[in-house]
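The structure under discussion appears below in the form of C-alpha coordinates.
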Amino acid sequence: IAIASRCPVVKRGMASADPFVSLKREVEESLREVSSAHNWTSRQIEDALQRMQWDVDMLEESIERVTGNAEKYGISQDEISRRREFVGGVRRKMTTIKADLTGGYAADRGGKQREDLLGTKREQDERARAKAQVSRENQDFMETEDQKQKLIIREQDDALDDLHLSVTRIGEMGLSIHTELKEQEVIVDELADRTDHAVNNMADVNREVQKMLKSKEGRKQLCLIISLIGALMVVTSLIFFLP
(Lines give C-alpha, C1' and ligand atoms only; values in the text may rest on other atoms or scores of the structure.)
Protein backbone atom coordinates (compact mmCIF):
# COMPACT_ATOMS: atom_id res chain seq x y z
CA ILE A 1 0.00 0.00 0.00
CA ALA A 2 2.87 2.35 0.85
CA ILE A 3 4.59 1.64 -2.48
CA ALA A 4 1.38 2.20 -4.43
CA SER A 5 0.91 5.55 -2.72
CA ARG A 6 4.44 6.63 -3.73
CA CYS A 7 4.01 5.81 -7.41
CA PRO A 8 1.92 8.88 -8.32
CA VAL A 9 4.59 11.16 -6.83
CA VAL A 10 7.21 9.86 -9.20
CA LYS A 11 4.97 9.86 -12.26
CA ARG A 12 3.74 13.43 -11.79
CA GLY A 13 7.30 14.75 -11.64
CA MET A 14 6.51 17.70 -9.39
CA ALA A 15 9.42 20.13 -9.10
CA SER A 16 8.62 20.94 -5.48
CA ALA A 17 9.20 17.34 -4.23
CA ASP A 18 12.13 15.02 -5.02
CA PRO A 19 10.93 11.41 -4.54
CA PHE A 20 14.47 10.07 -4.64
CA VAL A 21 15.31 11.38 -1.17
CA SER A 22 12.45 9.70 0.66
CA LEU A 23 12.81 6.46 -1.35
CA LYS A 24 16.55 6.37 -0.68
CA ARG A 25 15.93 6.70 3.07
CA GLU A 26 13.43 3.83 3.01
CA VAL A 27 15.72 1.60 0.93
CA GLU A 28 18.64 2.19 3.34
CA GLU A 29 16.41 1.36 6.31
CA SER A 30 15.11 -1.80 4.63
CA LEU A 31 18.64 -2.88 3.69
CA ARG A 32 19.82 -2.47 7.30
CA GLU A 33 16.86 -4.52 8.56
CA VAL A 34 17.46 -7.36 6.10
CA SER A 35 21.21 -7.41 6.75
CA SER A 36 20.72 -7.65 10.53
CA ALA A 37 17.72 -10.01 10.44
CA HIS A 38 19.13 -13.15 12.06
CA ASN A 39 15.76 -14.55 13.19
CA TRP A 40 13.85 -13.95 9.98
CA THR A 41 12.54 -16.82 7.92
CA SER A 42 13.47 -17.27 4.27
CA ARG A 43 9.99 -16.21 3.28
CA GLN A 44 10.23 -12.97 5.26
CA ILE A 45 13.60 -12.13 3.70
CA GLU A 46 12.30 -12.85 0.20
CA ASP A 47 9.30 -10.58 0.79
CA ALA A 48 11.55 -7.79 2.08
CA LEU A 49 13.85 -8.12 -0.96
CA GLN A 50 10.85 -7.99 -3.26
CA ARG A 51 9.70 -4.72 -1.67
CA MET A 52 13.21 -3.33 -1.94
CA GLN A 53 13.28 -4.34 -5.60
CA TRP A 54 10.17 -2.25 -6.20
CA ASP A 55 11.73 0.74 -4.40
CA VAL A 56 14.99 0.41 -6.35
CA ASP A 57 13.07 0.28 -9.62
CA MET A 58 11.28 3.45 -8.63
CA LEU A 59 14.63 5.06 -7.75
CA GLU A 60 15.94 4.23 -11.23
CA GLU A 61 12.78 5.61 -12.78
CA SER A 62 13.17 8.86 -10.88
CA ILE A 63 16.83 9.10 -12.01
CA GLU A 64 15.82 8.63 -15.64
CA ARG A 65 13.14 11.31 -15.36
CA VAL A 66 15.57 13.76 -13.77
CA THR A 67 18.33 12.99 -16.29
CA GLY A 68 16.25 14.32 -19.15
CA ASN A 69 15.35 17.54 -17.25
CA ALA A 70 18.26 18.14 -14.87
CA GLU A 71 18.04 21.96 -15.14
CA LYS A 72 14.30 21.93 -14.40
CA TYR A 73 14.83 19.99 -11.15
CA GLY A 74 18.05 21.82 -10.27
CA ILE A 75 20.13 18.63 -9.98
CA SER A 76 23.71 18.43 -11.25
CA GLN A 77 25.26 15.62 -13.24
CA ASP A 78 27.50 14.74 -10.28
CA GLU A 79 24.40 14.22 -8.13
CA ILE A 80 22.86 12.05 -10.83
CA SER A 81 26.07 9.95 -10.95
CA ARG A 82 26.03 9.55 -7.15
CA ARG A 83 22.44 8.40 -7.32
CA ARG A 84 23.27 5.85 -10.00
CA GLU A 85 26.17 4.55 -7.86
CA PHE A 86 23.82 4.25 -4.86
CA VAL A 87 21.28 2.24 -6.85
CA GLY A 88 24.01 0.00 -8.26
CA GLY A 89 25.45 -0.64 -4.78
CA VAL A 90 22.01 -1.53 -3.41
CA ARG A 91 21.43 -3.98 -6.26
CA ARG A 92 24.80 -5.65 -5.61
CA LYS A 93 23.99 -6.04 -1.90
CA MET A 94 20.57 -7.45 -2.75
CA THR A 95 22.19 -9.94 -5.13
CA THR A 96 24.59 -11.04 -2.37
CA ILE A 97 21.75 -11.48 0.13
CA LYS A 98 19.76 -13.52 -2.42
CA ALA A 99 22.79 -15.74 -3.09
CA ASP A 100 23.33 -16.32 0.64
CA LEU A 101 19.64 -17.03 1.08
CA THR A 102 19.63 -19.54 -1.81
CA GLY A 103 22.73 -21.29 -0.48
CA GLY A 104 21.39 -21.47 3.05
CA TYR A 105 18.07 -22.79 1.81
CA ALA A 106 19.79 -25.47 -0.25
CA ALA A 107 21.94 -26.46 2.74
CA ASP A 108 18.93 -26.64 5.03
CA ARG A 109 17.04 -28.67 2.47
CA GLY A 110 19.93 -31.09 2.03
CA GLY A 111 20.28 -31.51 5.79
CA LYS A 112 16.59 -32.16 6.10
CA GLN A 113 16.77 -34.81 3.38
CA ARG A 114 19.70 -36.49 5.10
CA GLU A 115 17.84 -36.42 8.39
CA ASP A 116 14.82 -38.02 6.76
CA LEU A 117 16.97 -40.71 5.13
CA LEU A 118 18.64 -41.47 8.47
CA GLY A 119 15.34 -42.21 10.19
CA THR A 120 15.71 -45.14 12.56
CA LYS A 121 13.93 -48.46 12.21
CA ARG A 122 12.42 -47.90 15.64
CA GLU A 123 10.60 -44.75 14.50
CA GLN A 124 9.29 -46.59 11.44
CA ASP A 125 8.06 -49.45 13.65
CA GLU A 126 6.39 -47.01 16.02
CA ARG A 127 4.59 -45.33 13.11
CA ALA A 128 3.52 -48.74 11.81
CA ARG A 129 2.24 -49.75 15.27
CA ALA A 130 0.44 -46.45 15.67
CA LYS A 131 -1.16 -46.87 12.25
CA ALA A 132 -2.21 -50.44 13.10
CA GLN A 133 -3.62 -49.27 16.44
CA VAL A 134 -5.64 -46.55 14.72
CA SER A 135 -6.88 -49.10 12.19
CA ARG A 136 -7.95 -51.49 14.97
CA GLU A 137 -9.69 -48.71 16.85
CA ASN A 138 -11.52 -47.67 13.70
CA GLN A 139 -12.54 -51.27 13.05
CA ASP A 140 -13.77 -51.69 16.65
CA PHE A 141 -15.67 -48.45 16.40
CA MET A 142 -17.33 -49.50 13.15
CA GLU A 143 -18.29 -52.90 14.60
CA THR A 144 -19.70 -51.29 17.75
CA GLU A 145 -21.71 -48.80 15.73
CA ASP A 146 -22.98 -51.62 13.48
CA GLN A 147 -24.14 -53.61 16.52
CA LYS A 148 -25.84 -50.53 17.94
CA GLN A 149 -27.65 -49.94 14.66
CA LYS A 150 -28.80 -53.57 14.51
CA LEU A 151 -30.03 -53.38 18.11
CA ILE A 152 -31.92 -50.16 17.39
CA ILE A 153 -33.51 -51.69 14.28
CA ARG A 154 -34.53 -54.81 16.23
CA GLU A 155 -36.07 -52.69 19.00
CA GLN A 156 -37.95 -50.66 16.41
CA ASP A 157 -39.26 -53.87 14.80
CA ASP A 158 -40.45 -55.15 18.20
CA ALA A 159 -42.14 -51.82 18.90
CA LEU A 160 -43.87 -51.94 15.52
CA ASP A 161 -45.07 -55.50 16.20
CA ASP A 162 -46.49 -54.44 19.57
CA LEU A 163 -48.17 -51.46 17.93
CA HIS A 164 -49.67 -53.72 15.26
CA LEU A 165 -51.09 -56.04 17.91
CA SER A 166 -52.52 -53.11 19.85
CA VAL A 167 -54.15 -51.67 16.73
CA THR A 168 -55.59 -55.12 15.88
CA ARG A 169 -57.08 -55.47 19.39
CA ILE A 170 -58.56 -52.00 19.23
CA GLY A 171 -60.09 -52.81 15.85
CA GLU A 172 -61.63 -56.02 17.17
CA MET A 173 -62.97 -54.19 20.23
CA GLY A 174 -64.46 -51.51 17.99
CA LEU A 175 -66.13 -54.16 15.83
CA SER A 176 -67.57 -55.91 18.93
CA ILE A 177 -68.89 -52.61 20.28
CA HIS A 178 -70.49 -51.86 16.92
CA THR A 179 -72.22 -55.27 16.86
CA GLU A 180 -73.42 -54.86 20.45
CA LEU A 181 -74.78 -51.42 19.70
CA LYS A 182 -76.71 -52.80 16.73
CA GLU A 183 -78.25 -55.52 18.92
CA GLN A 184 -79.11 -53.02 21.64
CA GLU A 185 -80.70 -50.80 19.02
CA VAL A 186 -82.97 -53.67 17.90
CA ILE A 187 -83.98 -54.40 21.52
CA VAL A 188 -84.68 -50.73 22.20
CA ASP A 189 -86.82 -50.54 19.08
CA GLU A 190 -88.84 -53.63 20.18
CA LEU A 191 -89.26 -52.22 23.69
CA ALA A 192 -90.46 -48.92 22.25
CA ASP A 193 -93.00 -50.74 20.09
CA ARG A 194 -94.30 -52.74 23.09
CA THR A 195 -94.45 -49.63 25.21
CA ASP A 196 -96.47 -47.83 22.56
CA HIS A 197 -98.85 -50.83 22.31
CA ALA A 198 -99.29 -50.95 26.12
CA VAL A 199 -99.93 -47.21 26.24
CA ASN A 200 -102.57 -47.56 23.54
CA ASN A 201 -104.21 -50.44 25.48
CA MET A 202 -104.24 -48.43 28.69
CA ALA A 203 -105.78 -45.53 26.85
CA ASP A 204 -108.55 -47.86 25.58
CA VAL A 205 -109.13 -49.25 29.09
CA ASN A 206 -109.29 -45.75 30.55
CA ARG A 207 -111.84 -44.74 27.97
CA GLU A 208 -113.95 -47.83 28.73
CA VAL A 209 -113.75 -47.15 32.49
CA GLN A 210 -114.80 -43.55 31.97
CA LYS A 211 -117.75 -44.69 29.94
CA MET A 212 -118.78 -47.18 32.64
CA LEU A 213 -118.53 -44.50 35.36
CA LYS A 214 -120.66 -42.12 33.39
CA SER A 215 -123.51 -44.62 32.78
CA LYS A 216 -125.73 -46.18 35.48
CA GLU A 217 -125.35 -49.62 34.06
CA GLY A 218 -121.69 -49.17 34.07
CA ARG A 219 -121.62 -48.10 37.71
CA LYS A 220 -123.73 -51.16 38.61
CA GLN A 221 -121.35 -53.40 36.73
CA LEU A 222 -118.39 -51.79 38.45
CA CYS A 223 -119.94 -52.28 41.89
CA LEU A 224 -120.74 -55.91 41.01
CA ILE A 225 -117.15 -56.47 39.92
CA ILE A 226 -115.83 -54.95 43.12
CA SER A 227 -118.23 -57.10 45.21
CA LEU A 228 -117.18 -60.25 43.38
CA ILE A 229 -113.53 -59.42 43.92
CA GLY A 230 -114.20 -58.89 47.61
CA ALA A 231 -116.09 -62.19 47.89
CA LEU A 232 -113.28 -63.96 46.05
CA MET A 233 -110.76 -62.59 48.51
CA VAL A 234 -112.89 -63.73 51.49
CA VAL A 235 -113.33 -67.22 50.11
CA THR A 236 -109.60 -67.47 49.40
CA SER A 237 -108.81 -66.40 52.97
CA LEU A 238 -111.16 -69.01 54.40
CA ILE A 239 -109.60 -71.73 52.27
CA PHE A 240 -106.01 -70.96 53.34
CA PHE A 241 -106.52 -69.94 56.99
CA LEU A 242 -109.27 -72.33 58.29
CA PRO A 243 -108.07 -75.64 59.73
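Ligands are numbered from 1 in the order shown, chains are lettered A, B, ... in the order of the C-alpha coordinates, and residues start at 1 in each chain.
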Polymer residues at most 8 Å from range 92-99 of chain A, only C-alpha atoms, same-chain spacing of 5 or more positions, as an NGL selection string: :A and (35 or 46 or 49)
What would the file look like if the residues just selected were written as a PDB file, in the first residue's frame with C-alpha atoms?
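Now in result31.pdb:
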ATOM      1  CA  SER A  35      21.208  -7.411   6.747  1.00  0.00           C
ATOM      2  CA  GLU A  46      12.296 -12.853   0.202  1.00  0.00           C
ATOM      3  CA  LEU A  49      13.855  -8.115  -0.956  1.00  0.00           C
TER       4      LEU A  49
END
If you count only C-alpha atoms, which residues fall within 12 Å of Gln53 in chain A, apart from same-chain ones fewer than 2 positions away, as a PyMOL selection string? chain A and resi 3+23+26-27+30-31+46-51+55-60+87-88+90-95+98
Neighbour list for Val66 in chain A as a ChimeraX atom specification, cut-off 9 Å, only C-alpha atoms, skip fewer than 5 positions in-chain: /A:13,61,71-73,75,80
